[in-house]
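Student: Here you go, one structure.
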Amino acid sequence: MPIEIAENGLPLPQRNWAVLTIMLGVTMAVIDGAIANVALPTIAKDLNAAPSFSVWIVNGYQLAITISLLPLASLGEIIGYRRVYLAGIALFTLASLFCALSHTLVLLTLSRIIQGFGAAGIMSVNTALVRFTHPRDRLGHGIGINALVVAVAAAVGPTLAAGILSVANWPWLFAVNIPVGVVALAIGRRALPHTHRAPHAFDWRGAILSAITFGLGIAAIDSAGHGEAPILFVAEFLVAAAACAILVQRERRAPSPLLPVDLLRIPIFTLSICTSVASFCAQMLAFVALPFYLQDRFGYSAVEIGLLITPWPIGVGISAPIAGRLAERYPAGLLGGIGLVIFAAGLASLAFLPPHPSLISIVWRMTLSGIGFGLFQSPNNRTMIAAAPRERSGGASGMLGTARLLGQTVGAALVALLLAQDPAGGTRLALILGTGFALLGAALSTLRLSPKGAQGGQAVRVLEAPRATGE
């Protein structure tokens with residue numbers, strides 16, 4: 001039976017089943033990062049592990065995602081996005097079983113690293129699959145739904161972890177992924193779209209250089225933020241810079257580069273990437289600083305802080321689908337600029353809370369921040385994906401995830417640096433700095449409204465290549 005290639009989205013009801021598969025995979029990957037953070041002290045105590053070593057339960061997962069996002073996105077273009085996605089779900093589910101059965105820190109850390117590679121398989125091509133699942137005129141709507149799912153998963157993660165730990169031990173945090181992964185795999189095999197495959201071979205040297213560049217680059221940022229010996233982060237940075245220089249030189253000559261330098265020649269794509277890095281840096285500055293800020297400055301308990309932060313992802317959940325629809329009619333540069341100004345206003349209002357704020361005064365500020373971020377996120381992601389030729393959707397999807405991860409890493413490192421320099425006032429400074437990054441993102445977003453910044457259509461047509469055989 002011939003395979004039907006998705007040219008302009010999937011027909012109903014197959015489209016709905018594909019959307020469900022994508023939602024389940026993304027939800028697992030996002031929630032798992034959140035629940036491990038919450039459960040880390042419990043796991044460390046149960047395994048008799050020192051906190052300095054147990055942190056690798058989280059870091060190993062993040063590092064695996066970091067070094068494999070772009071290579072897996074490139075692989076998706078070659079063998080098909082659905083294959084990478086389904087393999088990612090299968091690996092993530094199997095690794096979740098290994099995590100649940102682990103009885104030592106070493107086994108759990110290794111299982112989490114494997115789980116991270118599975119999560120990278122999901123995250124690297126998830127937006128590319130959204131592009132081929134929805135019709136072209138509904139792309140913004142599809143990306144809006146995706147942003148909503150990510151926001152809800154991020155909000156539910158800590159609550160879910162607390163709920164599971166209140167009735168069961170920590171292995172169940174990972175065991176709950178198994179039935180979800182099996183269901184997603186069964187539905188995805190039948191529903192996910194088949195896409196055209198690129199004819200070029202996988203660039204193994206580029207993949208290794210990319211892993212060194214982003215792995216050591218992010219490690220250097222993290223080391224600097226946590227006050228490690230200067231010689232360590234300087235050495236990490238120099239090796240990452242050298243690998244990056246070699247990688248860029250190699251990729252400039254490649255017809256379908258693993259590091260998408262061809263897409264970075266498109267002004268609107270590059271501006272969208274820079275906007276994303278600045279905005280996620282602002283978001284992480286706030287996310288890491290707010291719990292300390294609310295506890296140390298105003299005396300709220302951990303449970304109260306969790307409830308007070310919840311309006312933020314709810315605000316994203318409200319505005320992201322609306323922004324996805326608006327992106328079909330209005331420029332992303334305008335929507336992103338407005339959203340990030342609103343986001344900056346929310347962060348500034350949180351930084352300058354009165355000495356004795358009421359609950360409602362905190363809630364509306366959190367909601368404002370979430371609404372602003374959601375208004376930026378969907379149009380920005382849609383622009384990045386739409387600016388790339390359809391056969392380069394994998395590269396665009398991988399770069400989207402890499403930009404998010406880079407921004408979040410820089411933001412978290414900056415908070416650590418500020419807290420080390422000024423334990424008393426560092427959290428407030430982090431919110432003020434987050435306001436500055438949000439305004440920088442707004443400025444970068446509005447640059448896309450200029451004739452030069454809006455260029456992309458011509459570049460896309462030049463970059464389009466003859467289609468290869470189907471998956």
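Residues are referred to by chain and number: the chain letter is A, B, ... according to the order shown in the structure tokens, the number counts from 1 in that chain, and ligands are numbered separately from 1 in the order shown.
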Near Ile79 of chain A, within 8 Å and counting only C-alpha atoms, which residues show up once chain neighbours fewer than 3 positions away are dropped, as a list in words?

Tutor: Leu75, Gly76, Arg83, Val84, Arg197, Ala198 and Glu471 of chain A

Student: Set the distance at 8 Å and use only C-alpha atoms: which residues neighbour segment 353-365 of chain A once local chain neighbours fewer than 2 positions away are removed? I'd like the list as a ChimeraX atom specification.

Tutor: /A:298,308-309,311,346-347,349-351,367-369

Student: For N, CA and C atoms, I'd like the residues from the last selection saved as a compact mmCIF listing (two decimals), in the first residue's frame.

Tutor:
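Dumped everything to result-v3.txt:
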```
# COMPACT_ATOMS: atom_id res chain seq x y z
N PHE A 298 8.72 38.22 51.44
CA PHE A 298 7.35 38.35 51.93
C PHE A 298 6.92 37.20 52.85
N LEU A 308 0.71 30.86 44.08
CA LEU A 308 0.83 32.23 43.59
C LEU A 308 1.45 32.30 42.20
N ILE A 309 2.32 31.35 41.88
CA ILE A 309 2.97 31.34 40.55
C ILE A 309 2.05 30.73 39.49
N PRO A 311 -0.94 31.37 38.35
CA PRO A 311 -1.58 32.25 37.36
C PRO A 311 -0.72 32.56 36.14
N GLY A 346 4.75 43.23 33.42
CA GLY A 346 4.44 42.28 34.49
C GLY A 346 5.65 42.02 35.38
N LEU A 347 6.83 41.82 34.77
CA LEU A 347 8.04 41.57 35.56
C LEU A 347 8.42 42.79 36.40
N SER A 349 6.41 45.13 37.50
CA SER A 349 5.44 45.28 38.59
C SER A 349 5.71 44.28 39.71
N LEU A 350 6.21 43.08 39.38
CA LEU A 350 6.59 42.12 40.42
C LEU A 350 7.84 42.58 41.17
N ALA A 351 8.78 43.16 40.45
CA ALA A 351 10.02 43.63 41.08
C ALA A 351 9.75 44.75 42.08
N THR A 367 -0.41 36.94 36.28
CA THR A 367 -1.26 36.72 35.10
C THR A 367 -0.82 37.61 33.94
N LEU A 368 -0.52 38.88 34.24
CA LEU A 368 -0.06 39.81 33.20
C LEU A 368 1.22 39.31 32.54
N SER A 369 2.16 38.80 33.35
CA SER A 369 3.41 38.26 32.79
C SER A 369 3.12 37.08 31.87
```

Student: Determine, for each residue of segment 376-438 of chain A having at least one atom at most 12 Å from an atom of segment 103-126 of chain A, the closest pair of atoms and their separation in Å to one decimal, counting only C-alpha atoms; order by chain and ascending number, as JSON lines.

Tutor:
```
{"residue": "A:Asn381", "atom": "CA", "partner": "A:Asn126", "partner_atom": "CA", "distance": 11.9}
{"residue": "A:Ile385", "atom": "CA", "partner": "A:Val125", "partner_atom": "CA", "distance": 11.1}
{"residue": "A:Arg392", "atom": "CA", "partner": "A:Val125", "partner_atom": "CA", "distance": 10.9}
{"residue": "A:Ser393", "atom": "CA", "partner": "A:Val125", "partner_atom": "CA", "distance": 8.1}
{"residue": "A:Gly394", "atom": "CA", "partner": "A:Val125", "partner_atom": "CA", "distance": 5.8}
{"residue": "A:Gly395", "atom": "CA", "partner": "A:Val125", "partner_atom": "CA", "distance": 8.6}
{"residue": "A:Ala396", "atom": "CA", "partner": "A:Val125", "partner_atom": "CA", "distance": 8.9}
{"residue": "A:Ser397", "atom": "CA", "partner": "A:Val125", "partner_atom": "CA", "distance": 5.7}
{"residue": "A:Gly398", "atom": "CA", "partner": "A:Ser124", "partner_atom": "CA", "distance": 4.7}
{"residue": "A:Met399", "atom": "CA", "partner": "A:Ser124", "partner_atom": "CA", "distance": 8.3}
{"residue": "A:Leu400", "atom": "CA", "partner": "A:Ser124", "partner_atom": "CA", "distance": 8.5}
{"residue": "A:Gly401", "atom": "CA", "partner": "A:Ser124", "partner_atom": "CA", "distance": 6.6}
{"residue": "A:Thr402", "atom": "CA", "partner": "A:Ser124", "partner_atom": "CA", "distance": 8.7}
{"residue": "A:Ala403", "atom": "CA", "partner": "A:Ser124", "partner_atom": "CA", "distance": 11.7}
{"residue": "A:Arg404", "atom": "CA", "partner": "A:Met123", "partner_atom": "CA", "distance": 11.1}
{"residue": "A:Leu405", "atom": "CA", "partner": "A:Met123", "partner_atom": "CA", "distance": 11.1}
```

Student: Can you work out which one of A:Ile31, A:Pro71, A:Glu251, A:Gly217 has the shortest atom-to-atom distance to Phe237 of chain A, counting only C-alpha atoms?

Tutor: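 Ranked by minimum distance to Phe237 of chain A, first place goes to A:Gly217.
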
Student: Find the nearest atom pair between each residue of segment 163-213 of chain A and segment 133-144 of chain A for residues within 12 Å, count only C-alpha atoms, give distances in Å to one decimal, sort rows by chain and ascending number, and present the table as CSV.

Tutor:
```
residue,atom,partner,partner_atom,distance
A:Gly188,CA,A:Thr133,CA,11.9
A:Ala191,CA,A:Thr133,CA,9.4
A:Leu192,CA,A:Thr133,CA,7.5
A:Pro193,CA,A:Thr133,CA,6.3
A:His194,CA,A:Thr133,CA,9.5
A:Thr195,CA,A:Thr133,CA,10.1
```

Student: Trp17 of chain A: which residues within 9 Å, counting only C-alpha atoms, same-chain residues fewer than 3 positions away excluded, as a PyMOL selection string?

Tutor: chain A and resi 12-14+20-22+187-188+190-192
